[in-house]
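Chemist: One structure follows; several queries about it will come next.
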Amino acid sequence: MSAVNGERGNTVLLTLMLVGLGAWWALPVVSVAPNRIVPGEALYAWEVAGPAMALLASLPMGLAALSARSADPGWRSLGLVLLALAGLPLWLVLAVHQLIDPELPQARLGIGSGIWCALFVLMLALLDLRTRQRLSTGVSWLLMLTPLALLAVCLPLGLNRLALWQEYQGRADDFWLAIGEHLLLVTTTVGVSLVLGAGIALLMRRYPEAQRGAFAVLNFLQTIPSLALFGLLLGPLAWLANRYPWVDSLGISGIGWAPALLALVAYSLLPMVRNTFVALEGVSPGVIEAARGMGMSRLQIFFQVRLPLAVPVLLEGVRITTVQAIGLTAVAALIGAGGLGRFIFQGLGQAAMDLVLLGALPILVMAILADAVLGNLSRRLGRGEAA
């Protein structure tokens, strides 16, 4: 099988590079605006610095596509993909110097859809090559952080005129406060849902007749749209805050963190309960019988045998819940819960896409990091127990 795949080359890499080249030439790569209010003028790659420079910038992707057709693209393709990634911030620096008048301090350069699409497919190609080359975790993280490092290096060279960076500079304090609010709400949601989910899963194991009803309720909660669930919680919580002063003193009201937390926990319970239940039920009966034969008590069997063996699968539930909560927390900004979602909705209201990106990109990075860290931890624990 490996010989056949080798003869065909890396079709995934070839497809990604062709998509990247198509995005580079068919979509605008930058937009130029004299200030924040006026819509920017979209420009294609050949309009920024001429066809020759546009062709040079796309050359690494073209060479990577050609190398993908060889029997063993390997490290050559990886180097070309990294070179293409390095070229994107350098191209933006060139665009700033070519298009932005230094005497117009309000002028800004927006990143176009062509560069975003090229960045996306290049990151996918990097993930594919990392898997094929069986790179270590440390090297993989180093490669994945390459674009951020390059952007930081190029910032003093002219990238401070990017519209996205200017939006950040105008809201730096609010940005980091929003990140803290977002992370606090996500970690609280995951912690509460983990405790409740474990308790419900244990009750379902104790009373098997309750399994169908419990899963039916949890599935029903998943069908309620997030905005509708937030709205349903506003009235009862506002009534409780008015009826009981001690509830209001805790900061619980119709808007804010309380309805957001309740809704997020409700959405998080199904994956947490399902994975916990499956993890605990999936432990081999033979292992449990052996533990009983050694004279272990019921609690000893649970904490020393069943729970440790169930942890890898349980962590998958935590991973799914965390990634889901990171995304849904953005919607909670509509009811005053704070977080990065407020930048997204402010940007949509002002037709300022760079402000939308200021809120959306950190959410994307958080979700990718959470998925990678928890997924890697689950695989490591699973391999350790298998060994």
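Labels used: A, B, ... for chains in the order of the structure tokens, numbers from 1 for residues in each chain, and numbers from 1 for ligands as shown.
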Tell me, as JSON, numbers by chain, which residues lie within 8 Å of segment 257-272 of chain A, counting only C-alpha atoms; anything in the same chain fewer than 3 positions away does not count.
Modeler: {"A": [185, 188, 189, 190, 192, 193, 194, 196, 197, 198, 215, 218, 219, 221, 222, 226, 229, 230, 233, 234, 237, 251, 252, 253, 254, 275, 276, 314, 317, 318, 320, 321, 324, 325, 328, 329, 332, 335, 336, 337, 338]}
Chemist: Please report, as a tab-separated table, each residue of segment 2-85 of chain A lying at most 9 Å from segment 112-126 of chain A, together with the nearest pair of atoms and the separation in Å rounded to one decimal; use only C-alpha atoms, and order rows by chain and ascending residue number.
Modeler:
residue	atom	partner	partner_atom	distance
A:Val12	CA	A:Ala125	CA	7.8
A:Leu13	CA	A:Ala125	CA	5.8
A:Leu16	CA	A:Val121	CA	5.7
A:Met17	CA	A:Val121	CA	7.2
A:Val19	CA	A:Val121	CA	7.4
A:Gly20	CA	A:Ala118	CA	4.7
A:Leu21	CA	A:Ala118	CA	7.5
A:Gly22	CA	A:Gly114	CA	8.6
A:Ala23	CA	A:Gly114	CA	5.0
A:Trp24	CA	A:Gly114	CA	5.0
A:Trp25	CA	A:Gly114	CA	7.6
A:Ala26	CA	A:Gly114	CA	7.4
A:Leu27	CA	A:Gly114	CA	4.7
A:Pro28	CA	A:Gly114	CA	5.3
A:Val29	CA	A:Gly112	CA	4.2
A:Val30	CA	A:Gly112	CA	4.2
A:Ser31	CA	A:Gly112	CA	6.2
A:Ala42	CA	A:Gly112	CA	7.4
A:Leu43	CA	A:Gly112	CA	8.2
A:Tyr44	CA	A:Gly114	CA	8.2
A:Ala45	CA	A:Gly114	CA	8.5
A:Met61	CA	A:Leu122	CA	8.6
A:Leu78	CA	A:Leu126	CA	7.0
A:Val81	CA	A:Leu122	CA	6.4
A:Leu82	CA	A:Leu126	CA	7.9
A:Ala84	CA	A:Leu122	CA	7.7
A:Leu85	CA	A:Leu122	CA	6.8
Chemist: Any idea what's packed within 12 Å of Gly359 of chain A, counting only C-alpha atoms, ignoring anything in its chain fewer than 5 positions away? Could you give it as a VMD selection string?
Modeler: chain A and resid 164 167 to 168 171 to 172 174 to 176 178 to 179 182 326 to 327 329 to 331 333 338 to 348 352 to 354 364 to 366
Chemist: Write the selection just made, keeping N, CA and C atoms, as a short mmCIF file (atom, residue, chain, number, x, y, z; two decimals), in the first residue's frame?
Modeler:
data_model
loop_
_atom_site.label_atom_id
_atom_site.label_comp_id
_atom_site.auth_asym_id
_atom_site.auth_seq_id
_atom_site.Cartn_x
_atom_site.Cartn_y
_atom_site.Cartn_z
N LEU A 164 -5.98 45.54 10.89
CA LEU A 164 -6.20 44.66 12.04
C LEU A 164 -5.37 45.10 13.24
N GLU A 167 -6.81 48.31 14.72
CA GLU A 167 -7.99 48.03 15.55
C GLU A 167 -7.56 47.52 16.93
N TYR A 168 -6.51 46.69 16.95
CA TYR A 168 -6.02 46.19 18.24
C TYR A 168 -5.45 47.33 19.08
N ARG A 171 -7.88 49.31 20.97
CA ARG A 171 -8.68 48.58 21.96
C ARG A 171 -7.83 47.58 22.75
N ALA A 172 -6.58 47.88 22.94
CA ALA A 172 -5.67 46.90 23.55
C ALA A 172 -6.14 46.47 24.94
N ASP A 174 -9.19 46.72 26.32
CA ASP A 174 -10.44 45.98 26.21
C ASP A 174 -10.22 44.59 25.62
N PHE A 175 -9.26 44.47 24.72
CA PHE A 175 -8.98 43.18 24.08
C PHE A 175 -8.52 42.15 25.11
N TRP A 176 -7.55 42.53 25.94
CA TRP A 176 -7.05 41.56 26.93
C TRP A 176 -8.07 41.30 28.02
N ALA A 178 -11.28 41.24 27.44
CA ALA A 178 -12.22 40.34 26.79
C ALA A 178 -11.68 38.92 26.75
N ILE A 179 -10.38 38.77 26.51
CA ILE A 179 -9.78 37.43 26.52
C ILE A 179 -9.92 36.79 27.90
N HIS A 182 -13.51 35.78 28.40
CA HIS A 182 -13.82 34.61 27.56
C HIS A 182 -13.27 33.33 28.20
N ILE A 326 -15.85 27.35 23.69
CA ILE A 326 -15.07 28.49 23.19
C ILE A 326 -15.84 29.21 22.09
N GLY A 327 -16.47 28.45 21.20
CA GLY A 327 -17.24 29.07 20.13
C GLY A 327 -18.54 29.68 20.60
N THR A 329 -19.35 30.79 23.53
CA THR A 329 -19.17 31.94 24.41
C THR A 329 -19.19 33.24 23.63
N ALA A 330 -18.79 33.21 22.37
CA ALA A 330 -18.83 34.42 21.55
C ALA A 330 -20.26 34.93 21.41
N VAL A 331 -21.23 34.02 21.27
CA VAL A 331 -22.64 34.42 21.13
C VAL A 331 -23.16 35.04 22.43
N ALA A 333 -21.96 37.19 24.19
CA ALA A 333 -21.72 38.64 24.28
C ALA A 333 -22.99 39.42 23.99
N GLY A 338 -19.87 39.59 28.04
CA GLY A 338 -18.49 39.97 27.75
C GLY A 338 -17.82 38.95 26.84
N GLY A 339 -16.51 38.98 26.84
CA GLY A 339 -15.76 38.07 26.00
C GLY A 339 -15.48 38.66 24.63
N LEU A 340 -14.84 37.87 23.80
CA LEU A 340 -14.39 38.33 22.49
C LEU A 340 -15.54 38.53 21.51
N GLY A 341 -16.69 37.96 21.83
CA GLY A 341 -17.82 38.10 20.93
C GLY A 341 -18.28 39.53 20.75
N ARG A 342 -18.02 40.38 21.73
CA ARG A 342 -18.49 41.76 21.59
C ARG A 342 -17.76 42.49 20.47
N PHE A 343 -16.49 42.13 20.21
CA PHE A 343 -15.80 42.72 19.06
C PHE A 343 -16.43 42.27 17.75
N ILE A 344 -16.85 41.01 17.71
CA ILE A 344 -17.47 40.48 16.49
C ILE A 344 -18.76 41.23 16.19
N PHE A 345 -19.61 41.42 17.19
CA PHE A 345 -20.90 42.06 16.95
C PHE A 345 -20.75 43.57 16.76
N GLN A 346 -19.79 44.17 17.43
CA GLN A 346 -19.51 45.58 17.17
C GLN A 346 -19.03 45.78 15.73
N GLY A 347 -18.16 44.91 15.28
CA GLY A 347 -17.65 45.00 13.92
C GLY A 347 -18.74 44.79 12.89
N LEU A 348 -19.64 43.84 13.14
CA LEU A 348 -20.74 43.61 12.21
C LEU A 348 -21.66 44.83 12.16
N ALA A 352 -17.19 46.87 9.99
CA ALA A 352 -15.73 46.91 10.12
C ALA A 352 -15.24 45.47 10.25
N MET A 353 -14.84 44.88 9.14
CA MET A 353 -14.47 43.46 9.15
C MET A 353 -13.20 43.20 9.95
N ASP A 354 -12.30 44.18 10.01
CA ASP A 354 -11.08 43.97 10.79
C ASP A 354 -11.39 43.91 12.28
N LEU A 364 -10.56 31.44 17.27
CA LEU A 364 -10.07 30.34 16.44
C LEU A 364 -8.78 29.75 17.02
N VAL A 365 -7.86 30.61 17.44
CA VAL A 365 -6.59 30.14 18.02
C VAL A 365 -6.84 29.36 19.31
N MET A 366 -7.73 29.88 20.17
CA MET A 366 -8.07 29.18 21.41
C MET A 366 -8.62 27.78 21.12
#
Chemist: Calculate how many Å separate atom CA of Gln166 of chain A from atom CA of Ala49 of chain A, rounding to one decimal.
Modeler: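 Between atom CA of Gln166 of chain A and atom CA of Ala49 of chain A the gap works out to 23.3 Å.
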Chemist: Please identify which residues in segment 16-211 of chain A DSSP calls strand (DSSP E or B) from the backbone, and express them as a PyMOL selection string.
Modeler: chain A and resi 30-33+41-43+108-111+162
Chemist: As a PyMOL selection string, list the residues of segment 177-381 of chain A assigned to alpha helix (DSSP H) by DSSP on the backbone atoms of this structure.
Modeler: chain A and resi 177-206+211-223+226-243+245-249+257-281+285-293+298-301+307-331+341-350+353-381
Chemist: Smallest atom-to-atom distance to Leu148 of chain A: which of A:Ala86, A:Val278, A:Val273, A:Val283, using only C-alpha atoms?
Modeler: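 With only C-alpha atoms as the atom set, the closest residue is A:Ala86.
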